[in-house]
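Raw data_33.txt, compact mmCIF, C-alpha atoms:
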# COMPACT_ATOMS: atom_id res chain seq x y z
CA MET A 1158 87.69 112.82 172.28
CA ALA A 1159 89.70 109.63 171.78
CA GLY A 1160 87.64 108.76 168.70
CA TRP A 1161 88.20 112.24 167.25
CA LEU A 1162 91.93 111.91 167.79
CA ARG A 1163 92.00 108.50 166.14
CA SER A 1164 90.18 109.89 163.09
CA LEU A 1165 92.59 112.81 162.87
CA VAL A 1166 95.63 110.55 163.17
CA GLY A 1167 94.22 108.21 160.54
CA ALA A 1168 93.60 111.10 158.15
CA LEU A 1169 97.09 112.43 158.68
CA LEU A 1170 98.56 109.00 158.01
CA LEU A 1171 96.62 108.75 154.75
CA LEU A 1172 97.88 112.17 153.72
CA GLU A 1173 101.41 111.14 154.64
CA VAL A 1174 101.19 107.98 152.53
CA ALA A 1175 99.71 109.93 149.63
CA ALA A 1176 102.52 112.46 149.83
CA ALA A 1177 105.14 109.73 150.00
CA LEU A 1178 103.75 108.05 146.91
CA SER A 1179 103.38 111.19 144.80
CA PHE A 1180 105.08 110.85 141.42
CA LEU A 1181 106.91 114.06 140.62
CA HIS A 1182 110.29 115.11 139.30
CA HIS A 1183 112.47 116.34 142.15
CA ARG A 1184 114.92 119.21 141.74
CA TYR A 1185 117.97 119.13 144.01
CA GLU A 1186 116.37 120.84 147.03
CA GLU A 1187 113.25 118.71 146.68
CA MET A 1188 115.35 115.54 146.43
CA VAL A 1189 117.20 116.47 149.63
CA GLN A 1190 113.91 117.16 151.39
CA ALA A 1191 112.56 113.78 150.27
CA LEU A 1192 115.62 111.98 151.65
CA PHE A 1193 115.43 113.74 154.98
CA ARG A 1194 111.68 113.10 155.17
CA VAL A 1195 112.35 109.36 154.87
CA GLN A 1196 115.06 109.60 157.51
CA SER A 1197 112.68 111.39 159.89
CA GLN A 1198 109.98 108.77 159.32
CA CYS A 1199 112.33 105.83 159.91
CA PRO A 1200 115.01 107.29 162.20
CA TYR A 1201 116.07 104.00 163.78
CA VAL A 1202 116.90 102.21 160.53
CA THR A 1203 118.20 105.03 158.33
CA ARG A 1204 121.11 107.44 158.11
CA ILE A 1205 121.95 110.19 155.62
CA TYR A 1206 125.55 110.98 154.78
CA SER A 1207 127.40 112.81 152.03
CA ILE A 1208 130.35 111.29 150.18
CA GLY A 1209 131.49 114.66 148.80
CA ARG A 1210 130.36 117.53 146.62
CA SER A 1211 129.78 118.10 142.91
CA VAL A 1212 131.66 120.67 140.83
CA GLU A 1213 129.05 123.28 141.77
CA GLY A 1214 129.10 122.33 145.43
CA ARG A 1215 126.00 120.15 145.74
CA HIS A 1216 126.23 117.29 148.22
CA LEU A 1217 126.32 113.73 146.89
CA TYR A 1218 123.91 112.34 149.46
CA VAL A 1219 123.45 108.68 150.35
CA LEU A 1220 120.54 107.25 152.34
CA GLU A 1221 121.48 104.13 154.29
CA PHE A 1222 119.07 101.47 155.55
CA SER A 1223 120.27 99.14 158.31
CA ASP A 1224 119.18 97.90 161.71
CA TYR A 1225 122.37 99.56 162.99
CA PRO A 1226 122.82 102.63 160.75
CA GLY A 1227 126.40 103.79 160.42
CA ILE A 1228 127.86 100.50 161.63
CA HIS A 1229 129.20 97.58 159.64
CA GLU A 1230 128.08 94.36 161.28
CA PRO A 1231 130.34 91.35 160.63
CA LEU A 1232 128.82 88.99 158.04
CA GLU A 1233 126.21 91.57 156.97
CA PRO A 1234 126.80 92.45 153.30
CA GLU A 1235 126.95 96.00 151.95
CA PHE A 1236 124.80 96.85 148.91
CA LYS A 1237 124.50 100.07 146.87
CA TYR A 1238 122.32 101.68 144.21
CA VAL A 1239 123.61 104.71 142.27
CA GLY A 1240 121.28 106.82 140.12
CA ASN A 1241 121.45 109.82 137.79
CA MET A 1242 125.12 109.35 136.82
CA HIS A 1243 124.14 111.00 133.57
CA GLY A 1244 122.27 114.13 134.59
CA ASN A 1245 119.58 113.86 131.90
CA GLU A 1246 118.80 110.19 132.62
CA VAL A 1247 116.39 110.86 135.44
CA LEU A 1248 114.17 107.82 135.90
CA GLY A 1249 116.70 106.07 138.14
CA ARG A 1250 116.81 109.14 140.40
CA GLU A 1251 113.03 109.09 140.86
CA LEU A 1252 112.88 105.31 141.27
CA LEU A 1253 115.48 105.41 144.05
CA LEU A 1254 113.52 108.10 145.88
CA GLN A 1255 110.40 105.97 145.54
CA LEU A 1256 112.33 102.89 146.70
CA SER A 1257 113.56 104.78 149.77
CA GLU A 1258 110.02 105.77 150.70
CA PHE A 1259 108.76 102.27 149.98
CA LEU A 1260 111.37 100.56 152.19
CA CYS A 1261 110.61 102.94 155.04
CA GLU A 1262 106.84 102.63 154.73
CA GLU A 1263 106.87 98.83 154.45
CA TYR A 1264 109.23 98.58 157.42
CA ARG A 1265 106.83 100.66 159.47
CA ARG A 1266 103.98 98.43 158.35
CA GLY A 1267 105.86 95.35 159.56
CA ASN A 1268 106.33 93.78 156.12
CA ASP A 1269 108.33 90.62 156.92
CA ARG A 1270 110.23 90.61 153.63
CA ILE A 1271 111.35 94.24 153.88
CA THR A 1272 112.07 94.00 157.61
CA GLY A 1273 114.22 90.93 157.07
CA LEU A 1274 116.05 92.61 154.20
CA ILE A 1275 116.89 95.71 156.25
CA HIS A 1276 117.94 93.65 159.27
CA SER A 1277 120.25 91.44 157.20
CA THR A 1278 121.66 93.94 154.69
CA ARG A 1279 123.28 97.36 154.84
CA ILE A 1280 121.68 99.19 151.89
CA HIS A 1281 123.14 102.42 150.50
CA ILE A 1282 121.04 104.48 148.06
CA MET A 1283 122.50 107.44 146.12
CA PRO A 1284 119.70 108.96 144.03
CA SER A 1285 121.98 111.36 142.14
CA MET A 1286 125.68 111.11 141.32
CA ASN A 1287 125.41 114.09 138.96
CA PRO A 1288 123.14 116.71 140.55
CA ASP A 1289 124.69 119.54 138.51
CA GLY A 1290 123.89 117.87 135.21
CA TYR A 1291 120.36 117.13 136.39
CA GLU A 1292 119.67 120.81 137.04
CA VAL A 1293 120.71 121.63 133.47
CA ALA A 1294 118.43 118.93 132.08
CA ALA A 1295 115.53 119.84 134.38
CA LYS A 1296 115.53 123.46 133.17
CA GLN A 1297 114.71 122.12 129.69
CA GLY A 1298 111.99 119.86 131.03
CA PRO A 1299 110.76 116.51 129.71
CA ASP A 1300 109.17 117.91 126.55
CA SER A 1301 112.13 119.82 125.11
CA ASN A 1302 115.07 118.00 126.68
CA GLY A 1303 117.86 117.28 124.22
CA TYR A 1304 119.39 113.83 124.05
CA LEU A 1305 122.66 115.10 125.54
CA THR A 1306 121.48 118.16 127.48
CA GLY A 1307 122.69 117.78 131.05
CA ARG A 1308 124.33 114.41 130.44
CA ASN A 1309 127.78 115.54 131.62
CA ASN A 1310 128.82 117.20 134.86
CA ALA A 1311 129.39 120.96 135.22
CA ASN A 1312 132.87 120.59 133.68
CA GLY A 1313 131.41 118.95 130.59
CA VAL A 1314 132.77 115.49 131.47
CA ASP A 1315 130.88 112.22 131.05
CA LEU A 1316 131.24 110.61 134.47
CA ASN A 1317 130.81 107.12 133.04
CA ARG A 1318 133.93 107.66 130.93
CA ASN A 1319 135.96 109.15 133.78
CA PHE A 1320 137.15 106.26 135.97
CA PRO A 1321 140.76 105.01 135.78
CA ASP A 1322 141.14 102.61 132.84
CA LEU A 1323 142.03 99.35 134.59
CA ASN A 1324 140.80 97.25 131.65
CA THR A 1325 143.72 98.34 129.48
CA PHE A 1326 146.17 97.38 132.21
CA MET A 1327 144.52 93.97 132.50
CA TYR A 1328 144.32 93.29 128.76
CA TYR A 1329 147.67 94.51 127.58
CA SER A 1330 149.86 93.63 130.55
CA GLY A 1331 148.83 90.01 130.49
CA GLU A 1332 146.97 89.41 127.22
CA ILE A 1333 143.78 88.82 129.23
CA SER A 1334 145.62 86.41 131.57
CA GLY A 1335 146.88 89.27 133.73
CA PRO A 1336 145.43 90.14 137.13
CA ASN A 1337 141.75 91.05 137.10
CA HIS A 1338 141.15 91.86 140.73
CA HIS A 1339 142.31 94.68 143.00
CA ILE A 1340 144.41 96.23 140.26
CA PRO A 1341 146.33 99.20 141.73
CA LEU A 1342 145.48 102.69 140.55
CA PRO A 1343 147.98 104.75 138.51
CA ASP A 1344 150.01 107.23 140.55
CA ASN A 1345 148.40 110.31 138.98
CA TRP A 1346 144.80 109.10 138.97
CA LYS A 1347 143.40 111.85 141.23
CA SER A 1348 144.41 114.55 138.75
CA GLN A 1349 142.52 112.76 135.96
CA VAL A 1350 139.08 112.40 137.52
CA GLU A 1351 136.22 114.76 138.31
CA PRO A 1352 135.13 115.64 141.88
CA GLU A 1353 132.09 113.34 141.60
CA THR A 1354 134.22 110.44 140.35
CA LEU A 1355 136.82 111.03 143.06
CA ALA A 1356 134.10 110.99 145.71
CA VAL A 1357 132.69 107.69 144.43
CA ILE A 1358 136.14 106.05 144.26
CA GLN A 1359 136.88 107.07 147.84
CA TRP A 1360 133.41 105.87 148.85
CA ILE A 1361 133.75 102.41 147.36
CA SER A 1362 137.25 102.16 148.82
CA SER A 1363 135.86 102.82 152.30
CA TYR A 1364 133.00 100.31 152.25
CA ASN A 1365 133.33 96.62 151.42
CA PHE A 1366 130.47 96.62 148.92
CA VAL A 1367 129.43 93.21 147.61
CA LEU A 1368 126.77 94.00 144.99
CA SER A 1369 125.68 97.14 143.17
CA ALA A 1370 123.73 98.56 140.26
CA ASN A 1371 123.88 101.94 138.59
CA LEU A 1372 120.70 103.20 136.93
CA HIS A 1373 120.63 104.79 133.47
CA GLY A 1374 118.16 105.53 130.67
CA GLY A 1375 117.90 105.51 126.89
CA ALA A 1376 117.34 101.75 126.56
CA VAL A 1377 115.69 98.93 128.51
CA VAL A 1378 118.23 96.23 129.33
CA ALA A 1379 120.37 94.89 132.18
CA ASN A 1380 124.01 95.30 131.14
CA TYR A 1381 126.86 93.40 132.81
CA PRO A 1382 130.72 93.50 132.58
CA TYR A 1383 132.95 93.77 130.82
CA ASP A 1384 131.92 97.02 129.20
CA LYS A 1385 135.23 97.44 127.39
CA SER A 1386 136.35 95.01 124.70
CA GLN A 1387 140.01 94.14 124.33
CA ASP A 1388 140.32 95.98 121.03
CA GLN A 1389 138.13 99.07 120.76
CA ARG A 1390 139.01 99.58 117.09
CA PHE A 1391 136.08 97.28 116.34
CA ARG A 1392 133.74 100.01 117.60
CA SER A 1393 134.38 102.14 114.50
CA HIS A 1394 133.48 99.17 112.28
CA ARG A 1395 130.25 98.59 114.24
CA ARG A 1396 131.48 95.16 115.25
CA THR A 1397 130.79 93.91 118.73
CA ILE A 1398 132.74 91.39 120.75
CA ASN A 1399 131.37 89.55 123.75
CA THR A 1400 133.96 90.15 126.49
CA PRO A 1401 133.05 88.07 129.53
CA THR A 1402 134.50 88.23 133.02
CA PRO A 1403 135.55 85.06 134.87
CA ASP A 1404 132.17 85.44 136.65
CA ASP A 1405 130.18 85.63 133.42
CA LYS A 1406 127.52 83.06 134.35
CA LEU A 1407 127.00 84.73 137.71
CA PHE A 1408 126.65 88.15 136.08
CA GLN A 1409 124.10 86.75 133.64
CA LYS A 1410 122.11 85.39 136.54
CA LEU A 1411 122.23 88.73 138.36
CA ALA A 1412 121.10 90.56 135.23
CA LYS A 1413 118.26 88.11 134.63
CA THR A 1414 117.10 88.50 138.21
CA TYR A 1415 116.36 92.13 137.43
CA SER A 1416 115.07 91.69 133.88
CA TYR A 1417 112.60 88.93 134.76
CA ALA A 1418 111.33 90.74 137.85
CA HIS A 1419 110.77 93.82 135.66
CA SER A 1420 107.40 94.04 133.95
CA TRP A 1421 108.72 94.03 130.38
CA MET A 1422 112.53 94.18 130.26
CA HIS A 1423 112.82 90.39 129.88
CA ARG A 1424 110.71 90.40 126.71
CA GLY A 1425 113.73 91.61 124.77
CA TRP A 1426 112.13 94.03 122.30
CA ASN A 1427 112.41 97.57 123.68
CA CYS A 1428 113.27 100.98 122.20
CA GLY A 1429 113.81 99.44 118.76
CA ASP A 1430 116.50 97.05 120.06
CA TYR A 1431 116.38 93.36 120.90
CA PHE A 1432 118.28 91.79 123.80
CA ALA A 1433 117.60 88.12 124.55
CA ASP A 1434 116.18 87.82 128.08
CA GLY A 1435 116.56 91.58 128.42
CA ILE A 1436 120.27 91.34 129.24
CA THR A 1437 123.55 91.99 127.45
CA ASN A 1438 127.27 91.86 127.94
CA GLY A 1439 128.39 95.49 127.81
CA ALA A 1440 131.14 95.06 125.22
CA SER A 1441 128.84 92.90 123.11
CA TRP A 1442 126.47 95.89 122.89
CA TYR A 1443 129.22 98.48 122.37
CA SER A 1444 132.65 98.98 123.91
CA LEU A 1445 132.88 101.59 126.66
CA SER A 1446 136.15 102.73 128.24
CA LYS A 1447 136.65 104.00 131.80
CA GLY A 1448 133.17 102.97 132.94
CA MET A 1449 132.04 102.57 136.52
CA GLN A 1450 130.85 98.95 136.48
CA ASP A 1451 134.16 97.56 135.15
CA PHE A 1452 136.03 99.70 137.67
CA ASN A 1453 134.02 98.22 140.54
CA TYR A 1454 134.89 94.68 139.44
CA LEU A 1455 138.58 95.30 138.77
CA TYR A 1456 139.39 97.49 141.77
CA THR A 1457 137.06 96.37 144.58
CA ASN A 1458 135.13 93.34 145.79
CA CYS A 1459 131.91 94.72 144.31
CA PHE A 1460 129.97 93.10 141.48
CA GLU A 1461 128.10 95.86 139.63
CA ILE A 1462 125.70 95.87 136.69
CA THR A 1463 124.22 98.77 134.72
CA LEU A 1464 120.45 99.03 134.44
CA GLU A 1465 119.04 100.86 131.42
CA LEU A 1466 115.45 101.53 132.47
CA SER A 1467 113.57 103.64 129.94
CA CYS A 1468 113.54 104.55 126.25
CA ASN A 1469 112.83 108.14 127.24
CA LYS A 1470 115.71 109.54 129.26
CA PHE A 1471 113.48 112.20 130.89
CA PRO A 1472 110.01 110.64 131.04
CA PRO A 1473 107.02 112.88 131.80
CA GLU A 1474 105.60 112.83 135.32
CA GLU A 1475 102.46 111.01 134.21
CA ASP A 1476 104.65 108.01 133.29
CA LEU A 1477 106.51 107.80 136.62
CA GLU A 1478 103.92 105.73 138.47
CA ARG A 1479 103.80 103.12 135.67
CA GLN A 1480 107.59 102.96 135.67
CA TRP A 1481 107.69 102.57 139.45
CA MET A 1482 105.25 99.67 139.37
CA ALA A 1483 107.31 98.05 136.58
CA ASN A 1484 110.57 98.32 138.57
CA ARG A 1485 109.51 97.97 142.22
CA GLU A 1486 109.80 94.20 142.51
CA ALA A 1487 112.99 94.13 140.45
CA LEU A 1488 114.67 96.72 142.68
CA VAL A 1489 113.93 94.67 145.80
CA ALA A 1490 114.72 91.30 144.21
CA PHE A 1491 118.12 92.54 143.04
CA ILE A 1492 119.07 93.63 146.57
CA GLU A 1493 118.22 90.13 147.77
CA GLU A 1494 120.81 88.71 145.35
CA VAL A 1495 123.53 89.92 147.71
CA HIS A 1496 122.63 86.94 149.90
CA GLN A 1497 124.06 84.09 147.84
CA GLY A 1498 127.34 82.23 147.52
CA ILE A 1499 129.57 81.95 150.57
CA LYS A 1500 130.58 84.23 153.41
CA GLY A 1501 132.54 83.87 156.61
CA MET A 1502 135.32 85.09 158.86
CA VAL A 1503 139.05 84.85 158.25
CA SER A 1504 140.84 84.89 161.60
CA ASP A 1505 144.12 83.94 163.22
CA GLU A 1506 144.62 81.34 165.92
CA ASN A 1507 143.55 83.86 168.56
CA ASN A 1508 140.27 84.55 166.71
CA ASN A 1509 141.39 88.01 165.61
CA GLY A 1510 139.99 88.96 162.19
CA ILE A 1511 142.50 89.20 159.35
CA ALA A 1512 141.84 92.12 157.02
CA GLY A 1513 142.85 91.86 153.37
CA ALA A 1514 142.95 88.06 153.27
CA VAL A 1515 142.60 86.77 149.71
CA ILE A 1516 139.71 84.42 148.93
CA SER A 1517 140.33 82.36 145.79
CA VAL A 1518 137.85 80.00 144.14
CA GLN A 1519 139.35 77.20 142.06
CA GLY A 1520 138.35 77.55 138.42
CA ILE A 1521 137.31 81.23 138.69
CA SER A 1522 140.26 83.57 138.19
CA HIS A 1523 138.90 86.48 140.16
CA ASP A 1524 139.71 86.87 143.84
CA ILE A 1525 138.08 88.97 146.56
CA THR A 1526 139.47 90.07 149.93
CA SER A 1527 138.24 90.16 153.50
CA GLY A 1528 137.15 93.44 155.05
CA ASP A 1529 138.56 95.33 158.02
CA MET A 1530 136.93 92.96 160.51
CA GLY A 1531 138.05 89.84 158.65
CA ASP A 1532 134.65 89.02 157.16
CA TYR A 1533 134.33 88.22 153.46
CA PHE A 1534 131.52 87.72 150.94
CA ARG A 1535 131.95 85.78 147.70
CA LEU A 1536 128.96 85.69 145.33
CA LEU A 1537 128.67 82.28 143.65
CA LEU A 1538 126.11 80.25 141.77
CA PRO A 1539 124.86 77.00 143.32
CA GLY A 1540 127.47 74.25 143.07
CA THR A 1541 130.48 72.70 144.81
CA TYR A 1542 133.65 74.80 145.07
CA THR A 1543 137.19 74.51 146.35
CA VAL A 1544 138.01 77.74 148.17
CA THR A 1545 141.35 78.94 149.56
CA ALA A 1546 142.00 81.74 152.04
CA SER A 1547 145.51 83.17 152.19
CA ALA A 1548 147.17 86.11 153.90
CA GLU A 1549 150.70 87.43 154.18
CA GLY A 1550 152.53 85.75 157.05
CA TYR A 1551 150.01 82.88 157.36
CA GLN A 1552 149.65 79.38 156.01
CA PRO A 1553 146.84 79.18 153.43
CA GLN A 1554 143.81 77.04 154.15
CA THR A 1555 141.68 75.25 151.55
CA VAL A 1556 138.18 73.83 151.97
CA THR A 1557 135.53 72.32 149.73
CA THR A 1558 132.00 73.62 150.16
CA THR A 1559 128.61 73.31 148.50
CA VAL A 1560 126.53 76.38 147.71
CA GLY A 1561 122.77 76.07 147.66
CA PRO A 1562 120.16 78.17 145.84
CA ALA A 1563 118.97 80.04 148.92
CA ALA A 1564 120.99 81.52 151.78
CA PRO A 1565 124.78 81.78 151.51
CA SER A 1566 126.92 78.98 152.93
CA LEU A 1567 128.90 79.93 156.00
CA VAL A 1568 132.59 79.06 155.56
CA HIS A 1569 135.10 80.27 158.15
CA PHE A 1570 138.89 80.15 157.90
CA GLN A 1571 141.37 80.11 160.79
CA LEU A 1572 144.89 80.63 159.50
CA LYS A 1573 148.05 79.56 161.28
CA GLN A 1574 150.99 81.93 161.36
CA ASN A 1575 154.12 80.96 159.47
CA VAL A 1576 156.97 80.01 161.82
CA VAL A 1577 160.33 78.75 160.56
CA LYS A 1578 163.31 77.68 162.65
CA LYS A 1579 166.64 79.12 161.69
CA PRO A 1580 169.39 76.49 161.09
CA LEU A 1581 171.70 75.89 164.05
CA GLU A 1582 175.01 77.75 163.97
CA ARG A 1583 178.25 76.79 165.77
CA LYS A 1584 180.40 79.49 167.24
CA ALA A 1585 183.94 79.64 165.90
CA SER A 1586 185.83 78.65 169.04
CA GLY A 1587 188.62 76.28 169.95
CA THR A 1588 187.18 75.26 173.33
CA ARG A 1589 185.07 72.15 173.75
CA ALA A 1590 182.60 74.04 175.93
CA ASN A 1591 182.01 76.69 173.30
CA ASN A 1592 181.65 74.04 170.60
CA LYS A 1593 178.83 72.50 172.61
CA ALA A 1594 177.03 75.83 173.10
CA LEU A 1595 174.41 76.06 170.36
CA GLN A 1596 172.05 78.99 169.94
CA LYS A 1597 168.53 78.23 168.71
CA LYS A 1598 166.56 81.10 167.23
CA VAL A 1599 163.08 81.13 165.75
CA VAL A 1600 162.57 83.82 163.15
CA PRO A 1601 159.65 84.56 160.85
CA ARG A 1602 159.97 83.69 157.19
CA ALA A 1603 160.79 86.63 154.96
CA THR A 1604 157.52 88.34 154.18
CA ARG A 1605 156.19 88.38 150.68
CA ARG A 1606 154.55 91.29 149.04
CA GLY A 1607 150.80 90.84 149.18
CA THR A 1608 147.94 91.92 146.97
CA GLN A 1609 147.81 95.67 146.52
CA ARG A 1610 144.52 97.56 146.69
Please re-express this file's structure in structure tokens.
Amino acid sequence: MAGWLRSLVGALLLLEVAAALSFLHHRYEEMVQALFRVQSQCPYVTRIYSIGRSVEGRHLYVLEFSDYPGIHEPLEPEFKYVGNMHGNEVLGRELLLQLSEFLCEEYRRGNDRITGLIHSTRIHIMPSMNPDGYEVAAKQGPDSNGYLTGRNNANGVDLNRNFPDLNTFMYYSGEISGPNHHIPLPDNWKSQVEPETLAVIQWISSYNFVLSANLHGGAVVANYPYDKSQDQRFRSHRRTINTPTPDDKLFQKLAKTYSYAHSWMHRGWNCGDYFADGITNGASWYSLSKGMQDFNYLYTNCFEITLELSCNKFPPEEDLERQWMANREALVAFIEEVHQGIKGMVSDENNNGIAGAVISVQGISHDITSGDMGDYFRLLLPGTYTVTASAEGYQPQTVTTTVGPAAPSLVHFQLKQNVVKKPLERKASGTRANNKALQKKVVPRATRRGTQR
């Protein structure tokens, strides 16, 4: 009897694995079922939540992997993947479903690499940011799908041209020397964005994401900020201008991590285009306004790149397995890049975390801030850096640290509160006793306006 049961269980497990690794296009209901199947198979390390709804009311679901789902652990970085922003660019959607099943299955198998990654990282996977557009594209199918069919959301808006334009504020308010971190949003921004865009902005404002990628199709290249050049008039003349961020070398390294782990992206020649090392600065390729990756960099602590993964925006099902095998290692390796640079706690003298403390790196004019618990994460290449933590009402603290090529360096800051003594004042009195009576008061220094989010 025991042997019969073992055989039955083994057969069921093989069927389960086969089902998990099937390579099919998933309509909305099928995508939701796939996400909940993963959650049921790995209930202790996964959570499903919705960040909002599309124009037509479909949930924008996210699958989270963590050893404590739903909880931010201090010093554990937050990572996200976003797929299917353009509804007819579907490979990223299917790859993220495959990745979800792969992470769950390998965790159950006891894979040390995957187990360590889930235990040390809070991973958020959104297979589809534009489920309405996908349904339009899917009705056409892979064989007859038009190049733009289903690209936009149900209101006909391109979601990757729908984020607040913070680049223009940066370029023209300071001639490129203006602020390029945590730029405040315009007062009327909510009335200018689509429901899907609004949901994503509120999502990335609620989580202290460190690293991200959004998955597209139509080319094969890893694209990094800035996407928008300073003067877009060059676009009409087919001129391109490399427009680097202060973290340009770091972004190149992040992009190369994906391209060289990919089976052929790094070769450069794909889809009739050539990109050295399989990477490109976005504006150097073509200038794009109101895009999501620039918005992440200019408004939050998150460093995001855009992954163009296939020449065919809606590849046939028979090509999905080959594409998965080409991207599997790259998808995992890119998540691991969140564990580099420096991280630590910013606290006061009573060891209470200080939220919103500014972390500045000398020589790199782009700051990040600490999260609600006072922990911070600053991606950096290997090297020696002078780092300063500052917060309103506290004395700044500066340290010098060396970053290695492996795990991030742990650098904590404990800030002392500003205390200033008020000058002594004599009372206007004719008596000697009153002249000797001096009042000493300690008052805090006038507060300064801090960095706005």
- Query: If you count all atoms listed in the file, which residues fall within 12 Å of Thr1463 of chain A, apart from same-chain ones fewer than 2 positions away, as a PyMOL selection string?
  - Reply: chain A and resi 1238-1242+1249+1317+1368-1374+1376-1384+1408+1411-1412+1415-1416+1436-1439+1448-1451+1453+1460-1461+1465-1466
In Å and to one decimal, atom CA of Gly1429 of chain A is distant from atom CA of Trp1442 of chain A by 13.8 Å
* To do: Take atom CA of Leu1355 of chain A and atom CA of Met1286 of chain A and report the distance between them in Å, one decimal.
  =>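 According to the coordinates, atom CA of Leu1355 of chain A and atom CA of Met1286 of chain A are separated by 11.3 Å.
Straight-line separation from atom CA of Val1544 of chain A to atom CA of Phe1570 of chain A: 10.1 Å.
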(Q) Considering all atoms listed in the file, can you say which of A:Glu1233, A:Glu1187, A:Asp1289, A:Glu1213 comes closest to Leu1254 of chain A? (A)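 Among A:Glu1233, A:Glu1187, A:Asp1289, A:Glu1213, it is A:Glu1187 that comes nearest to Leu1254 of chain A.
If all atoms listed in the file are the atoms counted, then among A:Ser1179, A:Asn1337, A:Thr1558, A:Thr1354 the closest residue to His1523 of chain A is A:Asn1337.
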For Ala1483 of chain A, which residue out of A:Asn1427, A:Asn1509, A:Ser1467, A:Gln1349 is the nearest one, using all atoms listed in the file?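 When distances to Ala1483 of chain A are compared using all atoms listed in the file, the smallest one comes from A:Ser1467.
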Provide segment 1302-1313 of chain A rebuilt to N, CA, C and O atoms, formatted as a CSV table (one decimal), in the frame of the given file.
chain,number,residue,atom,x,y,z
A,1302,ASN,N,113.7,118.4,126.3
A,1302,ASN,CA,115.1,118.0,126.7
A,1302,ASN,C,115.8,117.4,125.5
A,1302,ASN,O,115.3,116.4,124.9
A,1303,GLY,N,117.0,117.9,125.3
A,1303,GLY,CA,117.9,117.3,124.2
A,1303,GLY,C,118.5,116.0,124.7
A,1303,GLY,O,118.6,115.7,125.9
A,1304,TYR,N,118.9,115.2,123.7
A,1304,TYR,CA,119.4,113.8,124.0
A,1304,TYR,C,120.6,113.9,124.9
A,1304,TYR,O,120.9,113.0,125.7
A,1305,LEU,N,121.4,115.0,124.8
A,1305,LEU,CA,122.7,115.1,125.5
A,1305,LEU,C,122.6,116.2,126.5
A,1305,LEU,O,123.6,116.4,127.3
A,1306,THR,N,121.5,117.0,126.6
A,1306,THR,CA,121.5,118.2,127.5
A,1306,THR,C,121.5,117.7,128.9
A,1306,THR,O,120.6,117.0,129.4
A,1307,GLY,N,122.6,118.1,129.6
A,1307,GLY,CA,122.7,117.8,131.0
A,1307,GLY,C,123.3,116.4,131.3
A,1307,GLY,O,123.5,116.0,132.5
A,1308,ARG,N,123.7,115.7,130.2
A,1308,ARG,CA,124.3,114.4,130.4
A,1308,ARG,C,125.6,114.5,131.3
A,1308,ARG,O,125.8,113.7,132.2
A,1309,ASN,N,126.5,115.4,131.0
A,1309,ASN,CA,127.8,115.5,131.6
A,1309,ASN,C,127.7,116.4,132.9
A,1309,ASN,O,126.7,117.0,133.2
A,1310,ASN,N,128.8,116.4,133.6
A,1310,ASN,CA,128.8,117.2,134.9
A,1310,ASN,C,129.1,118.7,134.5
A,1310,ASN,O,129.1,119.0,133.3
A,1311,ALA,N,129.3,119.5,135.5
A,1311,ALA,CA,129.4,121.0,135.2
A,1311,ALA,C,130.7,121.3,134.5
A,1311,ALA,O,130.8,122.4,133.9
A,1312,ASN,N,131.6,120.4,134.5
A,1312,ASN,CA,132.9,120.6,133.7
A,1312,ASN,C,132.8,120.0,132.3
A,1312,ASN,O,133.8,120.0,131.5
A,1313,GLY,N,131.6,119.5,131.9
A,1313,GLY,CA,131.4,119.0,130.6
A,1313,GLY,C,132.0,117.6,130.4
A,1313,GLY,O,132.3,117.1,129.3
